[in-house]
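Below is one structure; the comments refer to it alone.
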Number of protein chains: 2
Amino acid sequence: MKILVTGCSGFVGRHVIAQLTSEGATVVGSSRTAMKLIGAEHVAANLIIPGAAAALIDQVQPTHLLHLAWNAVPGKFWNAPDNLDWCAASLALVRAFHDSGGKRAVLAGSCAEYDWTGDGRLDERTSPTNPATLYGVTKDALRRMVLRDADHHGHSVAWGRIFWLYGPGEAAGRLVSDVAVALRDGGKPEVSSGTQRRDFLHVADAAGAFISALRSDYQGIFNVCSGSGVPVGDVVRTLSEAMGRPESVRFGARPTDPHEPPLLYGTVDRLHSDLGFRPVFCLREGLADTARWWFRTAAQYEKPSGRA
Amino acid sequence: MKILVTGCSGFVGRHVIAQLTSEGATVVGSSRTAMKLIGAEHVAANLIIPGAAAALIDQVQPTHLLHLAWNAVPGKFWNAPDNLDWCAASLALVRAFHDSGGKRAVLAGSCAEYDWTGDGRLDERTSPTNPATLYGVTKDALRRMVLRDADHHGHSVAWGRIFWLYGPGEAAGRLVSDVAVALRDGGKPEVSSGTQRRDFLHVADAAGAFISALRSDYQGIFNVCSGSGVPVGDVVRTLSEAMGRPESVRFGARPTDPHEPPLLYGTVDRLHSDLGFRPVFCLREGLADTARWWFRTAAQYEKPSGRA
């Protein structure tokens with residue numbers, strides 16, 4: 001079993017690599033820029049360059065593929081034209097993987113594939129897709145092709161739809177990371193009233209869910225989520241408490257987008273029953289873990305100048 | 001105005017090239033194998049080779065793109081895995097075209113994108129898609145991405161869904177071509193009772209529809225069809241009459257597939273009203289034209305040996 005993880009330097013990818021290597025798995029991580037991984041080989045590859053995906057498969061010859069790479073620049077990826085390049089690159093990757101005799105592939109999808117105008121419950125079996133963004137459209141389109149191809153030609157493929165993630169290593173420009181950094185650095189983060197409810201999962205649990213999927217033979221779509229819609233304001237409040245500064249958050253200082261659906265959460269029957277996965281973190285413990293990480297990160301960053 | 005036509009050696013492509021060049025348009029045809037076109041430049045390119053699509057755009061620098069190329073091997077293309085390669089190649093082609101400043105693109109879709117389990121009326125505005133084949137899934141997926149990208153980024157793009165075509169140049173292994181060849185060569189073609197009704201269009205009219213779309217600024221989906229569902233048996237009967245051998249067809253000698261929908265036809269409001277296109281051929285005249293072509297083709301093929 002030789003596992004190729006694309007997007008290994010991304011938010012989910014780093015946690016996947018850490019968990020797989022701690023389990024002693026044979027892992028090759030791939031991302032655009034050359035880097036060293038602890039316990040795993042790294043291959044630099046920019047998958048949206050024509051031919052790069054097939055060359056990567058040819059070089060690594062993986063038996064298992066976890067494809068996480070995609071444009072995920074906060075605020076920019078929703079309608080970036082290179083979503084089309086990422087779909088094309090993913091098709092090339094999957095085709096090369098199957099052609100080289102690969103046994104099992106799991107790909108990252110998104111809750112953005114779903115129609116968000118319903119009652120807020122997003123079920124892999126029954127909820128319609130109707131993506132509102134080019135990102136959602138390309139993920140939805142890629143899934144349709146890859147899963148139909150898999151069913152028709154007998155390939156073992158699963159597709160994990162990621163909901164709202166938070167945790168150690170989150171990029172700037174996202175809710176939890178921005179609030180955490182502001183609170184850590186003495187700021188007073190301004191947020192909306194946060195009544196809209198979303199489904200949040202710790203990134204390490206998302207990584208665990210994908211690894212469970214990779215080790216299973218489950219075919220088709222599974223949600224990567226907690227199963228609960230929690231008010232976004234509660235997430236910020238719990239985080240601020242974990243960081244010891246609950247009074248510093250300015251709720252309601254930003255307007256709530258009236259087009260934001262009031263509730264979005266995923267069903268977890270497939271994740272729990274079909275994949276046998278259980279998350280490690282509840283939301284409170286997950287946010288406490290996240291708070292500790294942001295404090296620890298600051299300390300690490302300050303070391304060089306403080307002790308020079 | 002410089003028009004690039006991919007798949008120029010295909011069934012529709014050859015008729016497109018003939019019509020465009022007869023109108024004096026500046027045309028570049030592209031297909032896999034090097035060939036000469038009358039009145040147009042040809043560039044050989046196998047678009048599913050990584051990088052080939054971008055290289056073709058770079059070389060030709062078209063202002064207008066008519067993308068017809070795809071795997072269309074009769075009987076094999078419905079579920080061939082290279083449908084995924086064709087989707088990836090098409091994404092690369094469209095991306096490169098837009099990046100190079102291309103003004104107008106029209107792509108070939110298929111009635112196979114539609115859900116065929118409804119009442120048989122296939123309307124671009126209201127009929128749901130639910131493709132039953134990998135070919136249909138990849139065309140449907142490509143359309144979702146390309147049209148959303150176009151709407152979001154202000155590109156001028158239309159998507160023509162091709163129904164049942166017949167006419168000069170049709171490949172072997174299809175209904176009209178196989179019956180025509182059998183009748184011409186003294187055979188007794190065996191067909192089903194042919195009660196299922198389908199929407200047939202002469203390939204020259206399909207070519208004309210795509211050219212109309214290319215010259216318009218219509219945005220979105222249009223059906224390439226006649227607007228009528230005709231019993232397949234009537235098509236065969238009319239063809240056999242045009243070939244002077246109506247008694248030779250053995251109707252009912254083959255079973256009718258019980259899963260075949262009884263009726264499939266497309267609406268033509270968009271084609272006629274929005275694109276301003278009117279077909280040249282009614283079905284009877286179109287089949288007479290087809291019959292003449294098959295007789296002429298036989299005569300041409302026989303010349304070299306007969307007059308050597």
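Each chain in the structure tokens gets a letter, A, B, ..., in the order shown, and its residues are numbered from 1; ligands are numbered from 1 in order too.
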
Go through range 80-168 of chain B and collect every residue that DSSP, computed from the backbone, puts in strand (DSSP E); the answer should be as a PyMOL selection string.
chain B and resi 104-110+121-122+156-162+164-166

Could you please tell me, as a PyMOL selection string, which residues of chain A have an atom within 10 Å of chain B when using only C-alpha atoms?
chain A and resi 48-54+79-92+94-95+132-153

Within 9 Å of range 184-194 of chain B, counting only C-alpha atoms, which residues show up once you throw out same-chain ones fewer than 4 positions away? Write them as a ChimeraX atom specification, please.
/B:175,178-180,231-236,243,245,247-257,291,294-295,298

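Nearest to Ala158 in chain A of all the residues A:Leu263, A:Leu275, A:Ala72, A:Val60 is A:Leu275, based on only C-alpha atoms.
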
So which bits of range 46-272 of chain A end up alpha helix (DSSP H) when you DSSP the backbone, as number ranges by chain?
A: 52-60, 82-99, 134-153, 175-184, 203-215, 232-242, 269

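From CA of Phe200 in chain A back to CA of Thr33 in chain A, the distance works out to 29.3 Å.
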
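Considering only C-alpha atoms, the residue among B:Glu23, B:Asp274, B:Asp119, B:Asp289 positioned nearest to Gln219 in chain B is B:Asp274.
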
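Relative to CA of His67 in chain A, CA of Trp70 in chain B is found at 26.5 Å.
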